[in-house]
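Comments concern the structure below.
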Amino acid sequence: MHGLRKMAAGLAIAVTGLQAAPAEADEFKKFHEHVKIDESLQESAGNGAGVRVGVIDTDIDVDHREFEDRIVKVIQDPDYPYFPPGNHGTQVTGVIAAARDGRGMVGIAPEAKIVSTWLLDADGDVPFIGPGGRLVSWFRRMEERKVNVVNASLGPTAGGTLFHAGEDALKAMRNMRKTAVVAIAAGNHGERLDDLSCRGDSRKFCKDPEKYFGHVLIVGALKSKSRLAGFSNRPGGACFHRKSDGSCKHRLKRWFLVAPGTEVQSPIPGNDYRKFDGTSAATPIVSGGAALIMSQWPHLKDQPQEVARILLETADDLGREGVDRKYGHGRLNLREALEPIGVASLATGSRVGGQAIALGQTSLATTSVFGGSLAAGLAASQAVVFDEFGRDFAVDPSRLVRVETSEVDGHDLFVAFMRGPIAQPSQPAADGAPWRMALATETDPHGHLPDGGFMIAGGQGPVQFGFAHDHDAHAFAEAIGGRVEASDPITAFRGDAHHMNLVGPAQAFGGRYELAGGKASLGITMAQRSSTPHDDVLASGDDATAVELRGRLEPLGGVTLGTRFGFVREDGSALGAEGDGALGIEGGESYYVGARLSAPLGGGFSFDLDLETGWITVAGDGNSLLRGGERLRTETARVSLAGQDVWLDRDALSFAITQPLRVADGDLSLRLPVGRTSGGRVLYEDADLSAEPEGRELRLSVDYGAPLPGDFGRWQLLAVERLAPGHDPDRAPETLVFGKVAFAF
């Protein structure tokens with residue numbers, strides 16, 4: 001019996017005789033820093049609450065102030081001799097679960113509950129094992145009391161045999177593979193561990209240790225942040241089970257990691273504190289880390305092998321690169337262990353680990369039509385992502401939204417303004433207007449504007465028709481209607497008060513038929529865009545199609561009433577917004593109606609009022625969290641005053657106030673994952689997000705042009721003031737001024 005006592009005594013208890021240290025206000029010590037744990041991380045992980053940690057050691061001082069009645073079971077056996085509380089068990093328990101109360105020190109999982117038993121006497125000796133192998137019975141009793149983590153600071157024999165109780169201990173370990181993480185001290189003889197001795201029935205599960213012992217962690221001790229303590233055993237080339245030819249497939253280093261193991265301050269009986277060394281000190285740090293993970297994610301209580309994998313895979317690599325014979329996986333890193341591992345994904349199906357889309361592949365790019373409303377709504381919502389272990393992590397959904405509020409690039413607009421023809425406001429064209437053509441051939445170095453395009457419109461008598469290639473669809477519809485002679489790309493920025501601007505640069509054709517001698521007309525325009533991004537208008541996504549019917553009536557001299565009905569189908573976007581991944585947008589279908597009043601005011605001036613409202617149905621794609629079928633109402637408006645021959649012969653002056661397209665009313669509905677059940681079902685909540693921007697952009701513009709002397713051409717000035725740009729009330733106003741001279745030869 002005496003030899004058996006010495007087999008365990010002192011092996012995981014290197015030093016216990018230091019002088020007691022007084023209580024300190026700073027509870028976090030150097031060993032906390034080395035494994036990267038602090039108060040905020042403990043709090044975020046639940047402090048270990050709800051987790052039971054079993055401690056097989058000496059009896060502990062249950063009355064120590066650090067434990068606050070959290071010793072829930074002390075396993076007793078009438079056939080086993082009782083010994084008074086010892087330093088070692090109390091110290092180990094304190095490293096795991098000492099309270100964070102501003103006194104002494106704090107455990108890794110300060111709200112975990114402890115199930116305690118004693119295998120050792122107060123001096124760390126094993127006084128009695130018995131013929132049935134008492135260590136085996138303690139493991140079994142821990143299992144019966146539903147502990148989630150077992151801390152066994154019981155080092156191997158002097159010969160380095162890890163499980164000194166032999167085959168029965170291996171069976172006991174195997175039996176706990178679905179119930180608890182088991183952390184075992186590597187021992188304090190400064191040796192390489194021996195191969196496990198797998199005999200009899202244990203041979204069959206030693207051949208597949210990853211299956212049967214994946215929940216086991218072997219813990220070595222560090223002397224400093226990155227140096228192994230001289231007394232710490234190390235895995236070396238030890239094997240779980242060697243084949244008859246001496247080869248080994250599963251080496252113990254795969255189960256090995258290290259933690260601080262010198263001068264670890266902890267409680268001792270009598271409400272006092274003392275520092276101790278040994279793999280006994282390192283092992284409870286690992287056990288506390290396992291408790292934190294289970295506290296944060298209770299479903300992992302039933303998956304102890306996954307918890308062990310998390311701790312091993314997130315350890316800081318020390319020594320030789322990879323899993324080595326000295327440090328195994330390396331130093332415990334609890335900050336990394338509590339962060340997502342692998343690809344973080346947004347669930348779109350009913351089960352964790354089922355249908356999901358990677359967070360990095362999910363985004364929603366919205367335009368100024370929505371302003372920042374969707375991002376603001378998502379910021380007030382809850383959502384989680386899952387890592388490869390099925391752990392849920394809170395994510396700020398607003399980070400998935402990129403708001404493209406039509407930032408102004410003055411250079412791009414200047415290029416557009418310079419290359420286009422002078423496009424002064426004009427009266428409706430007379431019957432049988434001659435053919436008109438506009439060309440845009442320059443290349444914008446920023447790539448924000450089309451490389452080139454042309455538009456041609458004209459006809460004979462009452463029939464007018466035309467065609468456009470890579471030209472603004474709305475500008476083309478206006479030209480067909482006789483409103484302007486031609487249009488340059490800046491028109492889209494200057495007056496994007498029409499739903500057809502959703503199409504942007506496109507191939508278009510259409511025509512009109514005049515009635516009653518030009519006093520009325522009917523027209524149609526059709527446009528098709530094929531994947532042509534264009535940042536200075538709303539065009540986005542993939543293909544887009546538009547059809548617009550127009551009618552015009554001149555009831556009085558010079559007074560014109562117009563109406564239009566239109567449809568825009570966007571593929572891969574809605575109101576210019578694009579979604580990918582879990583926020584994918586299949587498309588949007590917009591229906592709109594507009595009315596226009598033009599009237600002469602005398603003195604060469606005319607008044608023009610243009611109002612338009614629409615309704616769009618937004619559809620999410622098959623895997624999207626966006627719920628389809630939502631309908632939004634949109635609005636645009638423009639009022640202008642234009643005059644000709646104001647100061648000079650054939651000059652032109654116009655003032656305009658434009659409200660660009662914006663959502664006027666409506667919500668977008670999302671189905672966001674917010675958590676999981678222990679059985680792996682994803683929990684969802686519906687979130688209705690207002691799509692209406694908080695602000696309202698207004699564009700004030702002044703446009704003046706006049707002939708050059710001798711009719712050598714024309715000069716033109718354009719000034720635009722944007723108030724609340726992008727419908728954002730917090731953005732400062734923006735001013736743009738452009739000038740141009742066009743020579744005629």
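FYI, nothing fancy with the structure tokens labels: chains A, B, ... in order, residues from 1 per chain, ligands from 1 as they appear.
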
Write out as a PDB file with N, CA and C atoms, in the first residue's frame which residues come within 8 Å of A:Leu311 when counting only C-alpha atoms, dropping same-chain ones fewer than 4 positions away.
```pdb
ATOM      1  N   GLY A 289     -11.739  26.786 -18.312  1.00  0.00           N
ATOM      2  CA  GLY A 289     -12.014  27.206 -19.688  1.00  0.00           C
ATOM      3  C   GLY A 289     -13.104  26.367 -20.322  1.00  0.00           C
ATOM      4  N   ALA A 290     -13.085  25.047 -20.084  1.00  0.00           N
ATOM      5  CA  ALA A 290     -14.145  24.187 -20.608  1.00  0.00           C
ATOM      6  C   ALA A 290     -15.496  24.581 -20.028  1.00  0.00           C
ATOM      7  N   VAL A 307     -16.025  20.365 -27.129  1.00  0.00           N
ATOM      8  CA  VAL A 307     -15.402  21.354 -26.236  1.00  0.00           C
ATOM      9  C   VAL A 307     -13.895  21.137 -26.180  1.00  0.00           C
ATOM     10  N   ALA A 315      -5.555  26.811 -29.223  1.00  0.00           N
ATOM     11  CA  ALA A 315      -4.347  27.037 -28.421  1.00  0.00           C
ATOM     12  C   ALA A 315      -3.284  27.756 -29.246  1.00  0.00           C
ATOM     13  N   LEU A 332      -3.047  27.277 -23.837  1.00  0.00           N
ATOM     14  CA  LEU A 332      -4.477  27.584 -23.779  1.00  0.00           C
ATOM     15  C   LEU A 332      -4.713  29.060 -24.083  1.00  0.00           C
ATOM     16  N   ASN A 333      -5.668  29.360 -24.966  1.00  0.00           N
ATOM     17  CA  ASN A 333      -6.024  30.740 -25.315  1.00  0.00           C
ATOM     18  C   ASN A 333      -7.541  30.850 -25.237  1.00  0.00           C
ATOM     19  N   LEU A 334      -8.030  31.354 -24.119  1.00  0.00           N
ATOM     20  CA  LEU A 334      -9.480  31.378 -23.915  1.00  0.00           C
ATOM     21  C   LEU A 334     -10.170  32.450 -24.747  1.00  0.00           C
ATOM     22  N   ALA A 337     -10.730  30.748 -27.907  1.00  0.00           N
ATOM     23  CA  ALA A 337     -11.689  29.656 -27.739  1.00  0.00           C
ATOM     24  C   ALA A 337     -13.121  30.158 -27.690  1.00  0.00           C
TER      25      ALA A 337
END
```

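Nearest to A:Leu400 of all the residues A:Ala380, A:Leu359, A:Val385, A:Ile184 is A:Leu359, based on only C-alpha atoms.
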
Using DSSP secondary structure from the backbone, list all strand (DSSP E) positions within stretch 543-596 of chain A, as a PyMOL selection string. chain A and resi 544-556+559-571+578-580+585-596

Nearest to A:Ala383 among A:Pro673, A:Gly330, A:Gly679, A:Pro505, with distances taken over only C-alpha atoms: which residue is it?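 For A:Ala383, the nearest of the candidates is A:Pro673.
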
With only C-alpha atoms counted and 12 Å as the cut-off, give the residues of stretch 631-662 of chain A in contact with stretch 364-368 of chain A, each with its shortest interatomic distance in Å and the pair that gives it, as JSON lines.
```
{"residue": "A:Gln659", "atom": "CA", "partner": "A:Ser368", "partner_atom": "CA", "distance": 11.7}
{"residue": "A:Pro660", "atom": "CA", "partner": "A:Ser368", "partner_atom": "CA", "distance": 8.9}
{"residue": "A:Leu661", "atom": "CA", "partner": "A:Ser368", "partner_atom": "CA", "distance": 8.3}
{"residue": "A:Arg662", "atom": "CA", "partner": "A:Ser368", "partner_atom": "CA", "distance": 7.3}
```

d(atom CA of A:Lys73, atom CA of A:Pro260) in Å: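 Atom-to-atom, atom CA of A:Lys73 to atom CA of A:Pro260, that is 28.1 Å.
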
Using only C-alpha atoms, determine which residues lie at most 12 Å from A:Ala308, disregarding the query and same-chain residues fewer than 4 positions distant; provide the list as number ranges by chain. A: 148-149, 177-178, 180-183, 210, 213-219, 254-257, 286-287, 289-291, 293-294, 300-301, 303-304, 312-315, 329, 332, 337, 389

For stretch 38-54 of chain A: contacts at 7 Å, only C-alpha atoms, fewer than 3 positions along chain excluded, given as a list in words: His32, Ala109, Pro110, Glu111, Ala112, Lys113, Ile114, Val115, Ser116, Met142, Val147, Asn148, Val149, Val150, Asn151, Ala291, Leu292, Ile293, Met294, Ser295 and Gln296 of chain A

Pick the closest to A:His299 from A:Arg351, A:Lys36, A:Arg391, A:His498: which is it, counting only C-alpha atoms?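 So, comparing all the options, the nearest one is A:Arg391.
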
Can you measure atom CA of A:His88 to atom CA of A:Gln76 for me? One decimal in Å is fine.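 We find that atom CA of A:His88 and atom CA of A:Gln76 lie 18.1 Å from each other.
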
Using only C-alpha atoms, determine which residues lie at most 7 Å from A:Ile268, disregarding the query and same-chain residues fewer than 5 positions distant; provide the list as a ChimeraX atom specification. /A:87,90-91,273-274

Using only C-alpha atoms, determine which residues lie at most 7 Å from A:Ser606, disregarding the query and same-chain residues fewer than 3 positions distant; provide the list as a PyMOL selection string. chain A and resi 599-601+641-643

Could you write out the selected residues, including C-alpha atoms, as a tab-separated table (two decimals), in the first residue's frame?
```
chain	number	residue	atom	x	y	z
A	599	ALA	CA	-47.87	76.25	-68.72
A	600	PRO	CA	-46.58	79.54	-70.17
A	601	LEU	CA	-46.23	82.44	-67.73
A	641	LEU	CA	-39.21	77.65	-64.06
A	642	ALA	CA	-37.62	78.16	-67.47
A	643	GLY	CA	-37.25	81.19	-69.65
```

Point-to-point distance from atom CA of A:Phe509 to atom CA of A:Phe465, Å rounded to tenths: 7.5 Å

Step one, run DSSP on the backbone; step two, keep only residues of stretch 149-279 of chain A assigned to alpha helix (DSSP H); then write them as a list in words.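 Selecting the alpha helix (DSSP H) positions of stretch 149-279 of chain A gives Glu167, Asp168, Ala169, Leu170, Lys171, Ala172, Met173, Arg174, Asn175, Ser202, Arg203, Lys204, Phe205, Cys206, Pro209, Glu210, Lys211, Tyr212 and Thr279 of chain A.
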
Writing out the chosen residues with N, CA, C and O atoms as a compact mmCIF listing (two decimals), in the first residue's frame:
```
# COMPACT_ATOMS: atom_id res chain seq x y z
N GLU A 167 -6.45 -0.54 -16.98
CA GLU A 167 -7.56 -0.79 -17.90
C GLU A 167 -8.88 -0.27 -17.37
O GLU A 167 -9.68 0.29 -18.12
N ASP A 168 -9.12 -0.43 -16.07
CA ASP A 168 -10.38 0.03 -15.51
C ASP A 168 -10.54 1.55 -15.65
O ASP A 168 -11.63 2.06 -15.91
N ALA A 169 -9.44 2.27 -15.46
CA ALA A 169 -9.49 3.73 -15.61
C ALA A 169 -9.80 4.12 -17.04
O ALA A 169 -10.55 5.06 -17.31
N LEU A 170 -9.22 3.41 -18.00
CA LEU A 170 -9.52 3.69 -19.41
C LEU A 170 -10.99 3.48 -19.70
O LEU A 170 -11.63 4.26 -20.42
N LYS A 171 -11.55 2.42 -19.15
CA LYS A 171 -12.98 2.16 -19.36
C LYS A 171 -13.83 3.27 -18.74
O LYS A 171 -14.83 3.71 -19.33
N ALA A 172 -13.43 3.71 -17.55
CA ALA A 172 -14.17 4.80 -16.92
C ALA A 172 -14.11 6.06 -17.75
O ALA A 172 -15.10 6.78 -17.91
N MET A 173 -12.94 6.34 -18.31
CA MET A 173 -12.80 7.51 -19.20
C MET A 173 -13.70 7.37 -20.42
O MET A 173 -14.39 8.30 -20.80
N ARG A 174 -13.66 6.21 -21.00
CA ARG A 174 -14.48 5.98 -22.19
C ARG A 174 -15.95 6.19 -21.89
O ARG A 174 -16.70 6.79 -22.68
N ASN A 175 -16.40 5.76 -20.73
CA ASN A 175 -17.82 5.86 -20.39
C ASN A 175 -18.28 7.29 -20.24
O ASN A 175 -19.49 7.57 -20.33
N SER A 202 -9.93 -3.19 -23.29
CA SER A 202 -9.58 -1.80 -23.63
C SER A 202 -8.89 -1.69 -24.99
O SER A 202 -8.83 -0.61 -25.56
N ARG A 203 -8.38 -2.79 -25.52
CA ARG A 203 -7.67 -2.72 -26.80
C ARG A 203 -8.57 -2.23 -27.93
O ARG A 203 -8.14 -1.47 -28.79
N LYS A 204 -9.83 -2.65 -27.93
CA LYS A 204 -10.70 -2.31 -29.06
C LYS A 204 -11.00 -0.82 -29.12
O LYS A 204 -11.11 -0.25 -30.21
N PHE A 205 -11.12 -0.15 -27.95
CA PHE A 205 -11.37 1.29 -28.05
C PHE A 205 -10.08 2.10 -28.05
O PHE A 205 -10.08 3.27 -28.39
N CYS A 206 -8.97 1.49 -27.67
CA CYS A 206 -7.68 2.18 -27.82
C CYS A 206 -7.29 2.28 -29.29
O CYS A 206 -6.45 3.11 -29.66
N PRO A 209 -8.97 5.99 -30.48
CA PRO A 209 -9.03 6.90 -29.34
C PRO A 209 -9.72 8.23 -29.64
O PRO A 209 -10.26 8.86 -28.74
N GLU A 210 -9.71 8.66 -30.89
CA GLU A 210 -10.38 9.92 -31.22
C GLU A 210 -11.88 9.81 -30.97
O GLU A 210 -12.55 10.79 -30.65
N LYS A 211 -12.41 8.62 -31.13
CA LYS A 211 -13.83 8.39 -30.89
C LYS A 211 -14.13 8.23 -29.41
O LYS A 211 -15.09 8.80 -28.88
N TYR A 212 -13.28 7.47 -28.71
CA TYR A 212 -13.58 7.13 -27.32
C TYR A 212 -12.94 8.05 -26.30
O TYR A 212 -13.38 8.11 -25.15
N THR A 279 1.64 20.75 -12.55
CA THR A 279 0.59 20.52 -13.56
C THR A 279 -0.78 20.49 -12.89
O THR A 279 -1.79 20.67 -13.55
```

Which of A:Ala375, A:Val55, A:Met455, A:Leu346 sits closest to A:Leu668 [using only C-alpha atoms]: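 For A:Leu668, the nearest of the candidates is A:Ala375.
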
Residues near A:Gly581, cut-off 12 Å, only C-alpha atoms, skip fewer than 3 positions along chain, as JSON, numbers by chain: {"A": [345, 346, 347, 348, 355, 356, 357, 358, 359, 360, 361, 362, 363, 364, 365, 400, 572, 578, 584, 585, 586, 620, 621, 622, 623, 624, 625, 626]}

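Nearest to A:Pro709 of all the residues A:Arg650, A:Arg70, A:Arg100, A:Arg325 is A:Arg650, counting only C-alpha atoms.
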
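With only C-alpha atoms as the atoms that count, the minimum distance from A:Asn188 to the choices A:Ala221, A:Ala344, A:Val618, A:Val646 is reached by A:Ala221.
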